Amino acid sequence: MNAVIRQETRGASLWHAVSRNRRARPTLQDEINVDLAIVGGGFSGLSTALHAAGKGLSVAVLEAEIIAWGATGRNAGFVVPNFAKMDPDSILAHLGPERGERLIDFAAGSADLVFGLIRRHGIDCDAVQNGWIQPAHSPAAFEKVKSRADQWALRGRPAIALDRQDVEALTGARGYAGGWMDRSGGVLNPVAYANGLADAAEKAGAKIFEHTPVTSVDRVADGWRLKTPSGSARAGKVLIATNAYGGSLNPLLQRTYVPLKVFQIATEPLPRDVRTRLLPGGQGVGDTRRNLFTFRFDADNRLISGGMHILSAGADTRVPQTIWRRLGHHLDLPDLPPLAYSWTGVAAVEPDFLPHLVDLGPGLIAGRACNGRGIAMTTAMGKVLADWASGADARGLPLPFAPPSPIPFHDIVRYAPNVLLPWSMLRDRLETAG
C-alpha cells in the first residue's frame, strides 16, 4: 500500500481544518489589570478562565498564536479519565492514602466534567461519550488491565474488563487477548471543544487575547507584570498553561519534563460498510503496546491514528506513511483509503506520568497534566486552579504541588523515548507472538 497526503493539507491539523466555531480574538494593545492572568489558550488555560470567571474573578488569557494552537489542537481527541502508566493502587503507594485518593478522585470524574461542560454550554464539537477502550496486546498485559479495571470499578467507576470476543465485537480489531473499557470516556473534536470553552469563558466575563506572546513575567509589589510586544497585564496571580509550548519564557520549567513529539494522521472517509464493522459504538481505542497503537473515527468517518518516531532524517514524510500502513495492517484493511491529513504535536511527559502543579513563586503556578490524557486532565485541572485563584491553598489541591525539579541529564534524557523506540517495538512483537 502507498499513502498519499494531499499537498494542501500536509502539516495541518485535521481539527483546525474542519472546526466550524472559530472566532478571531484581538491582540492585547495596552495595559490591563486583572485578578488572574493565564499564559496559554489551551484546555487548561481556558478551563481555568471559565471556572475562575464563574467565581467572579477578572481573568485575561494571553495566547501567543490562536486558541488551541499547541497540543490542544494537535492530539487525537480522546477523553480518557485515568492515568497513562499508573493505576489507583500504585498511586496510593506513590503518594500515600490521603493525597493519592484525592488525585484518584480528581481523575475519575474528569471525563464526566468534560462532557458535562459540553452539554451545559452547548458546545458543538462532535462529542461522543460511549467509552474508551484499552485492548491488551498480550496475555500478561491482559492480566494487568483486568486488575486496572477492578481497581477503578471498586471506586464506583463504570469500568469493565473485556474478553477477547468483547474486544473484537466492540472494536472490529482481531488478535487481542482482551482488554478493558471505561464507559465514561469518549471522543470529540478538540479544537471545536477548545473554541467552545473560549466562548463560554468570554460569556462568563473573561478576556481572551490571541497573537499575544508573553515575553516576560516579572514580580511587582502587588503581584506580577506580564509583558507582551504591544501591551502588558498586571495580575495578582498568574497561571503558566503552555505545557510543552512555553518557549524560552521559563528555561528552568522546560527541564522538568520530556517533550515528546507525536505524529497523527487521518484518512479519507471510509465506506459505510467498513465503518459499521469497526468501532460501531464510536469509542476511542488505545492499546497496551509500548509503541502505542490508537484509532478512532471522526464525525465524517475518517480513520485517525498516531505514533512516535525514531530519530532520523525525513520523519515528517516517512512516519505518517508508516502509521498509515500500520493502521491498515492491524485493522485488516488492505484497501485503506489514502491519507488526507498528517500533523504533529508535542506533549509534556512527566517522569512519573502524573499531572503536576509547579510552584514558581508567590501567586505564580505552572500546570501540566498531559502525559497522553490531556483533554480530561487539563479540563479538570482548570476547575481546581480556579479554586486556587479564588484563595485556596495550592497545597490543598488534589494535584502534586512542588517547586520545579529539573530532570538530571535532561539534554540527553529528552531523546530517550525516541532512541528506545526500536527496542520497545521489538518487545511488543515478542510479547504478542508469545
# chains A, B, ... in the order shown; residues from 1 in each chain; ligands from 1
>>> closest_atom_pairs(of="stretch 192-310 of chain A", to="stretch 70-79 of chain A", cutoff="12 Å", atoms="only C-alpha atoms", output="tab-separated table")
residue	atom	partner	partner_atom	distance
A:Ala192	CA	A:Gly73	CA	8.9
A:Tyr193	CA	A:Gly77	CA	9.5
A:Ala194	CA	A:Thr72	CA	7.6
A:Asn195	CA	A:Gly73	CA	10.1
A:Leu197	CA	A:Thr72	CA	12.0
A:Ala241	CA	A:Gly70	CA	10.8
A:Thr242	CA	A:Gly70	CA	8.0
A:Asn243	CA	A:Ala71	CA	8.1
A:Ala244	CA	A:Ala71	CA	7.9
A:Tyr245	CA	A:Gly70	CA	6.5
A:Gly246	CA	A:Gly70	CA	9.8
A:Gly247	CA	A:Gly70	CA	11.5
A:Pro259	CA	A:Ala71	CA	11.1
A:Leu260	CA	A:Ala71	CA	10.6
A:Lys261	CA	A:Ala71	CA	9.9
A:Val262	CA	A:Asn75	CA	8.3
A:Phe263	CA	A:Asn75	CA	8.7
A:Gln264	CA	A:Ala76	CA	7.0
A:Ile265	CA	A:Ala76	CA	8.8
A:Ala266	CA	A:Ala76	CA	9.4
A:Gly282	CA	A:Phe78	CA	11.3
A:Gln283	CA	A:Phe78	CA	8.9
A:Gly284	CA	A:Phe78	CA	6.3
A:Val285	CA	A:Phe78	CA	8.4
A:Gly286	CA	A:Phe78	CA	9.1
A:Phe293	CA	A:Ala76	CA	11.9
A:Thr294	CA	A:Ala76	CA	8.8
A:Phe295	CA	A:Ala76	CA	8.5
A:Arg296	CA	A:Ala76	CA	8.2
A:Phe297	CA	A:Ala76	CA	9.7
A:Asp298	CA	A:Gly77	CA	9.0
A:Ala299	CA	A:Gly77	CA	11.6
A:Arg302	CA	A:Ala76	CA	11.9
A:Leu303	CA	A:Ala76	CA	10.6
A:Ile304	CA	A:Ala76	CA	7.1
A:Ser305	CA	A:Ala76	CA	7.3
A:Gly306	CA	A:Ala76	CA	7.6
A:Gly307	CA	A:Ala76	CA	10.6
>>> select_by_dssp(residues="stretch 80-218 of chain A", states="alpha helix (DSSP H)", output="PyMOL selection string")
chain A and resi 88-95+97-108+110-121+139-153+164-171+190-203
>>> write_last_selection(atoms="C-alpha atoms", output="PDB file, in the first residue's frame")
ATOM      1  CA  PRO A  88      -5.053   3.582  41.685  1.00  0.00           C
ATOM      2  CA  ASP A  89      -3.097   1.120  43.839  1.00  0.00           C
ATOM      3  CA  SER A  90       0.269   2.344  42.538  1.00  0.00           C
ATOM      4  CA  ILE A  91      -0.773   5.980  43.034  1.00  0.00           C
ATOM      5  CA  LEU A  92      -1.648   5.253  46.661  1.00  0.00           C
ATOM      6  CA  ALA A  93       1.774   3.642  47.107  1.00  0.00           C
ATOM      7  CA  HIS A  94       3.453   6.612  45.416  1.00  0.00           C
ATOM      8  CA  LEU A  95       1.622   9.485  47.136  1.00  0.00           C
ATOM      9  CA  PRO A  97      -3.518   7.390  51.154  1.00  0.00           C
ATOM     10  CA  GLU A  98      -4.694  10.988  51.602  1.00  0.00           C
ATOM     11  CA  ARG A  99      -3.003  12.653  48.636  1.00  0.00           C
ATOM     12  CA  GLY A 100      -3.405   9.544  46.497  1.00  0.00           C
ATOM     13  CA  GLU A 101      -7.164   9.278  46.978  1.00  0.00           C
ATOM     14  CA  ARG A 102      -7.616  12.961  46.169  1.00  0.00           C
ATOM     15  CA  LEU A 103      -5.723  12.578  42.907  1.00  0.00           C
ATOM     16  CA  ILE A 104      -7.637   9.400  42.019  1.00  0.00           C
ATOM     17  CA  ASP A 105     -10.966  11.158  42.621  1.00  0.00           C
ATOM     18  CA  PHE A 106      -9.754  14.098  40.528  1.00  0.00           C
ATOM     19  CA  ALA A 107      -9.059  11.836  37.557  1.00  0.00           C
ATOM     20  CA  ALA A 108     -12.123   9.629  37.987  1.00  0.00           C
ATOM     21  CA  SER A 110     -12.564  14.241  34.638  1.00  0.00           C
ATOM     22  CA  ALA A 111     -14.360  12.843  31.569  1.00  0.00           C
ATOM     23  CA  ASP A 112     -17.770  13.459  33.124  1.00  0.00           C
ATOM     24  CA  LEU A 113     -16.657  17.056  33.736  1.00  0.00           C
ATOM     25  CA  VAL A 114     -15.703  17.469  30.056  1.00  0.00           C
ATOM     26  CA  PHE A 115     -18.971  16.129  28.687  1.00  0.00           C
ATOM     27  CA  GLY A 116     -20.930  17.995  31.350  1.00  0.00           C
ATOM     28  CA  LEU A 117     -19.384  21.297  30.230  1.00  0.00           C
ATOM     29  CA  ILE A 118     -20.177  20.447  26.612  1.00  0.00           C
ATOM     30  CA  ARG A 119     -23.836  19.902  27.452  1.00  0.00           C
ATOM     31  CA  ARG A 120     -24.098  22.900  29.779  1.00  0.00           C
ATOM     32  CA  HIS A 121     -22.610  25.370  27.329  1.00  0.00           C
ATOM     33  CA  PRO A 139      -1.767 -12.326  27.961  1.00  0.00           C
ATOM     34  CA  ALA A 140       0.445 -10.579  30.521  1.00  0.00           C
ATOM     35  CA  ALA A 141      -0.962  -7.205  29.512  1.00  0.00           C
ATOM     36  CA  PHE A 142      -4.477  -8.625  29.810  1.00  0.00           C
ATOM     37  CA  GLU A 143      -3.876  -9.639  33.422  1.00  0.00           C
ATOM     38  CA  LYS A 144      -2.661  -6.126  34.148  1.00  0.00           C
ATOM     39  CA  VAL A 145      -5.649  -4.372  32.569  1.00  0.00           C
ATOM     40  CA  LYS A 146      -8.099  -6.688  34.323  1.00  0.00           C
ATOM     41  CA  SER A 147      -6.584  -5.533  37.602  1.00  0.00           C
ATOM     42  CA  ARG A 148      -6.786  -1.936  36.372  1.00  0.00           C
ATOM     43  CA  ALA A 149     -10.494  -2.290  35.603  1.00  0.00           C
ATOM     44  CA  ASP A 150     -11.137  -3.869  39.006  1.00  0.00           C
ATOM     45  CA  GLN A 151      -9.338  -1.066  40.836  1.00  0.00           C
ATOM     46  CA  TRP A 152     -11.414   1.627  39.135  1.00  0.00           C
ATOM     47  CA  ALA A 153     -14.655  -0.351  39.477  1.00  0.00           C
ATOM     48  CA  ARG A 164     -11.142 -11.419  23.513  1.00  0.00           C
ATOM     49  CA  GLN A 165     -14.604 -11.656  21.941  1.00  0.00           C
ATOM     50  CA  ASP A 166     -15.764  -8.434  23.613  1.00  0.00           C
ATOM     51  CA  VAL A 167     -12.802  -6.504  22.228  1.00  0.00           C
ATOM     52  CA  GLU A 168     -13.359  -7.813  18.712  1.00  0.00           C
ATOM     53  CA  ALA A 169     -17.084  -7.040  18.832  1.00  0.00           C
ATOM     54  CA  LEU A 170     -16.565  -3.501  20.156  1.00  0.00           C
ATOM     55  CA  THR A 171     -13.573  -2.527  18.018  1.00  0.00           C
ATOM     56  CA  PRO A 190     -10.517  19.076  20.382  1.00  0.00           C
ATOM     57  CA  VAL A 191     -10.284  22.385  18.518  1.00  0.00           C
ATOM     58  CA  ALA A 192     -14.058  22.790  18.439  1.00  0.00           C
ATOM     59  CA  TYR A 193     -14.193  21.923  22.151  1.00  0.00           C
ATOM     60  CA  ALA A 194     -11.476  24.485  22.957  1.00  0.00           C
ATOM     61  CA  ASN A 195     -13.245  27.175  20.935  1.00  0.00           C
ATOM     62  CA  GLY A 196     -16.436  26.357  22.820  1.00  0.00           C
ATOM     63  CA  LEU A 197     -14.629  26.709  26.151  1.00  0.00           C
ATOM     64  CA  ALA A 198     -13.273  30.064  24.984  1.00  0.00           C
ATOM     65  CA  ASP A 199     -16.755  31.298  24.037  1.00  0.00           C
ATOM     66  CA  ALA A 200     -18.133  30.158  27.396  1.00  0.00           C
ATOM     67  CA  ALA A 201     -15.272  31.832  29.293  1.00  0.00           C
ATOM     68  CA  GLU A 202     -15.899  35.119  27.496  1.00  0.00           C
ATOM     69  CA  LYS A 203     -19.612  34.920  28.281  1.00  0.00           C
TER      70      LYS A 203
END
>>> atom_distance(atom1="atom CA of A:Gly175", atom2="atom CA of A:Arg325")
17.3 Å
>>> select_by_dssp(residues="stretch 33-75 of chain A", states="strand (DSSP E or B)", output="list in words")
Asn33, Val34, Asp35, Leu36, Ala37, Ile38, Val39, Val59, Ala60, Val61 and Leu62 of chain A
>>> write_last_selection(atoms="all heavy atoms", output="mmCIF file, in the first residue's frame")
data_model
loop_
_atom_site.group_PDB
_atom_site.id
_atom_site.type_symbol
_atom_site.label_atom_id
_atom_site.label_comp_id
_atom_site.auth_asym_id
_atom_site.auth_seq_id
_atom_site.Cartn_x
_atom_site.Cartn_y
_atom_site.Cartn_z
ATOM 1 N N ASN A 33 -5.426 45.351 34.031
ATOM 2 C CA ASN A 33 -5.261 44.864 35.394
ATOM 3 C C ASN A 33 -6.332 43.810 35.666
ATOM 4 O O ASN A 33 -7.529 44.071 35.456
ATOM 5 C CB ASN A 33 -5.397 46.014 36.395
ATOM 6 C CG ASN A 33 -4.234 46.979 36.339
ATOM 7 O OD1 ASN A 33 -3.212 46.749 36.983
ATOM 8 N ND2 ASN A 33 -4.376 48.041 35.572
ATOM 9 N N VAL A 34 -5.910 42.629 36.108
ATOM 10 C CA VAL A 34 -6.849 41.545 36.359
ATOM 11 C C VAL A 34 -6.448 40.802 37.631
ATOM 12 O O VAL A 34 -5.327 40.931 38.118
ATOM 13 C CB VAL A 34 -6.873 40.538 35.173
ATOM 14 C CG1 VAL A 34 -7.486 41.176 33.943
ATOM 15 C CG2 VAL A 34 -5.473 40.005 34.873
ATOM 16 N N ASP A 35 -7.402 40.023 38.125
ATOM 17 C CA ASP A 35 -7.093 39.169 39.275
ATOM 18 C C ASP A 35 -6.192 38.011 38.867
ATOM 19 O O ASP A 35 -5.273 37.627 39.604
ATOM 20 C CB ASP A 35 -8.383 38.606 39.876
ATOM 21 C CG ASP A 35 -9.305 39.676 40.419
ATOM 22 O OD1 ASP A 35 -8.802 40.605 41.073
ATOM 23 O OD2 ASP A 35 -10.526 39.584 40.176
ATOM 24 N N LEU A 36 -6.460 37.447 37.682
ATOM 25 C CA LEU A 36 -5.743 36.258 37.216
ATOM 26 C C LEU A 36 -5.362 36.420 35.755
ATOM 27 O O LEU A 36 -6.230 36.681 34.905
ATOM 28 C CB LEU A 36 -6.632 35.012 37.375
ATOM 29 C CG LEU A 36 -6.102 33.697 36.789
ATOM 30 C CD1 LEU A 36 -4.840 33.247 37.517
ATOM 31 C CD2 LEU A 36 -7.174 32.614 36.849
ATOM 32 N N ALA A 37 -4.078 36.268 35.460
ATOM 33 C CA ALA A 37 -3.600 36.234 34.075
ATOM 34 C C ALA A 37 -3.177 34.812 33.745
ATOM 35 O O ALA A 37 -2.500 34.155 34.546
ATOM 36 C CB ALA A 37 -2.431 37.193 33.879
ATOM 37 N N ILE A 38 -3.562 34.346 32.580
ATOM 38 C CA ILE A 38 -3.275 32.978 32.145
ATOM 39 C C ILE A 38 -2.480 33.033 30.854
ATOM 40 O O ILE A 38 -2.905 33.664 29.882
ATOM 41 C CB ILE A 38 -4.580 32.184 31.926
ATOM 42 C CG1 ILE A 38 -5.375 32.109 33.231
ATOM 43 C CG2 ILE A 38 -4.288 30.795 31.384
ATOM 44 C CD1 ILE A 38 -6.787 31.577 33.057
ATOM 45 N N VAL A 39 -1.334 32.379 30.851
ATOM 46 C CA VAL A 39 -0.490 32.322 29.664
ATOM 47 C C VAL A 39 -0.778 30.998 28.955
ATOM 48 O O VAL A 39 -0.430 29.927 29.455
ATOM 49 C CB VAL A 39 0.999 32.425 30.022
ATOM 50 C CG1 VAL A 39 1.848 32.452 28.748
ATOM 51 C CG2 VAL A 39 1.258 33.652 30.875
ATOM 52 N N VAL A 59 -10.342 37.963 34.646
ATOM 53 C CA VAL A 59 -9.402 36.996 34.066
ATOM 54 C C VAL A 59 -9.003 37.445 32.667
ATOM 55 O O VAL A 59 -9.847 37.906 31.885
ATOM 56 C CB VAL A 59 -10.042 35.597 33.976
ATOM 57 C CG1 VAL A 59 -9.045 34.586 33.404
ATOM 58 C CG2 VAL A 59 -10.550 35.138 35.340
ATOM 59 N N ALA A 60 -7.723 37.288 32.337
ATOM 60 C CA ALA A 60 -7.231 37.511 30.976
ATOM 61 C C ALA A 60 -6.419 36.306 30.539
ATOM 62 O O ALA A 60 -5.556 35.832 31.280
ATOM 63 C CB ALA A 60 -6.385 38.777 30.898
ATOM 64 N N VAL A 61 -6.698 35.803 29.341
ATOM 65 C CA VAL A 61 -5.930 34.723 28.716
ATOM 66 C C VAL A 61 -5.074 35.335 27.620
ATOM 67 O O VAL A 61 -5.591 36.024 26.726
ATOM 68 C CB VAL A 61 -6.862 33.644 28.123
ATOM 69 C CG1 VAL A 61 -6.035 32.563 27.421
ATOM 70 C CG2 VAL A 61 -7.734 33.031 29.210
ATOM 71 N N LEU A 62 -3.777 35.070 27.679
ATOM 72 C CA LEU A 62 -2.837 35.603 26.694
ATOM 73 C C LEU A 62 -2.282 34.437 25.889
ATOM 74 O O LEU A 62 -1.503 33.632 26.406
ATOM 75 C CB LEU A 62 -1.706 36.367 27.393
ATOM 76 C CG LEU A 62 -2.143 37.420 28.424
ATOM 77 C CD1 LEU A 62 -0.930 38.063 29.071
ATOM 78 C CD2 LEU A 62 -3.038 38.468 27.786
#
>>> closest_residue(among="A:Val319, A:Leu162, A:Leu360, A:Ala221", to="A:Pro251", atoms="only C-alpha atoms")
A:Leu360
>>> atom_distance(atom1="atom CA of A:Gly223", atom2="atom CA of A:Leu364")
8.9 Å
>>> residues_around(residues="A:Glu65", least_positions_apart="5", cutoff="9 Å", atoms="only C-alpha atoms", output="PyMOL selection string")
chain A and resi 40-41+70+210-213
>>> write_last_selection(atoms="N, CA, C and O atoms", output="PDB file, in the first residue's frame")
ATOM      1  N   GLY A  40      -1.433  31.065  27.808  1.00  0.00           N
ATOM      2  CA  GLY A  40      -1.733  29.866  27.043  1.00  0.00           C
ATOM      3  C   GLY A  40      -3.221  29.642  26.869  1.00  0.00           C
ATOM      4  O   GLY A  40      -3.968  29.582  27.845  1.00  0.00           O
ATOM      5  N   GLY A  41      -3.652  29.501  25.611  1.00  0.00           N
ATOM      6  CA  GLY A  41      -5.065  29.323  25.299  1.00  0.00           C
ATOM      7  C   GLY A  41      -5.395  27.898  24.903  1.00  0.00           C
ATOM      8  O   GLY A  41      -6.044  27.672  23.878  1.00  0.00           O
ATOM      9  N   GLY A  70      -1.437  24.882  20.229  1.00  0.00           N
ATOM     10  CA  GLY A  70      -0.440  23.911  20.658  1.00  0.00           C
ATOM     11  C   GLY A  70      -0.993  22.504  20.714  1.00  0.00           C
ATOM     12  O   GLY A  70      -1.778  22.073  19.854  1.00  0.00           O
ATOM     13  N   GLU A 210      -5.470  36.853  21.424  1.00  0.00           N
ATOM     14  CA  GLU A 210      -4.666  35.991  20.561  1.00  0.00           C
ATOM     15  C   GLU A 210      -3.517  36.796  19.971  1.00  0.00           C
ATOM     16  O   GLU A 210      -3.484  38.026  20.052  1.00  0.00           O
ATOM     17  N   HIS A 211      -2.541  36.065  19.394  1.00  0.00           N
ATOM     18  CA  HIS A 211      -1.343  36.700  18.819  1.00  0.00           C
ATOM     19  C   HIS A 211      -0.722  37.658  19.846  1.00  0.00           C
ATOM     20  O   HIS A 211      -0.283  38.764  19.510  1.00  0.00           O
ATOM     21  N   THR A 212      -0.684  37.175  21.101  1.00  0.00           N
ATOM     22  CA  THR A 212      -0.178  37.979  22.217  1.00  0.00           C
ATOM     23  C   THR A 212       0.835  37.151  22.999  1.00  0.00           C
ATOM     24  O   THR A 212       0.535  36.643  24.088  1.00  0.00           O
ATOM     25  N   PRO A 213       2.042  36.991  22.468  1.00  0.00           N
ATOM     26  CA  PRO A 213       3.049  36.217  23.208  1.00  0.00           C
ATOM     27  C   PRO A 213       3.536  36.968  24.436  1.00  0.00           C
ATOM     28  O   PRO A 213       3.759  38.187  24.390  1.00  0.00           O
TER      29      PRO A 213
END
>>> atom_distance(atom1="atom CA of A:Thr228", atom2="atom CA of A:Leu28")
7.8 Å
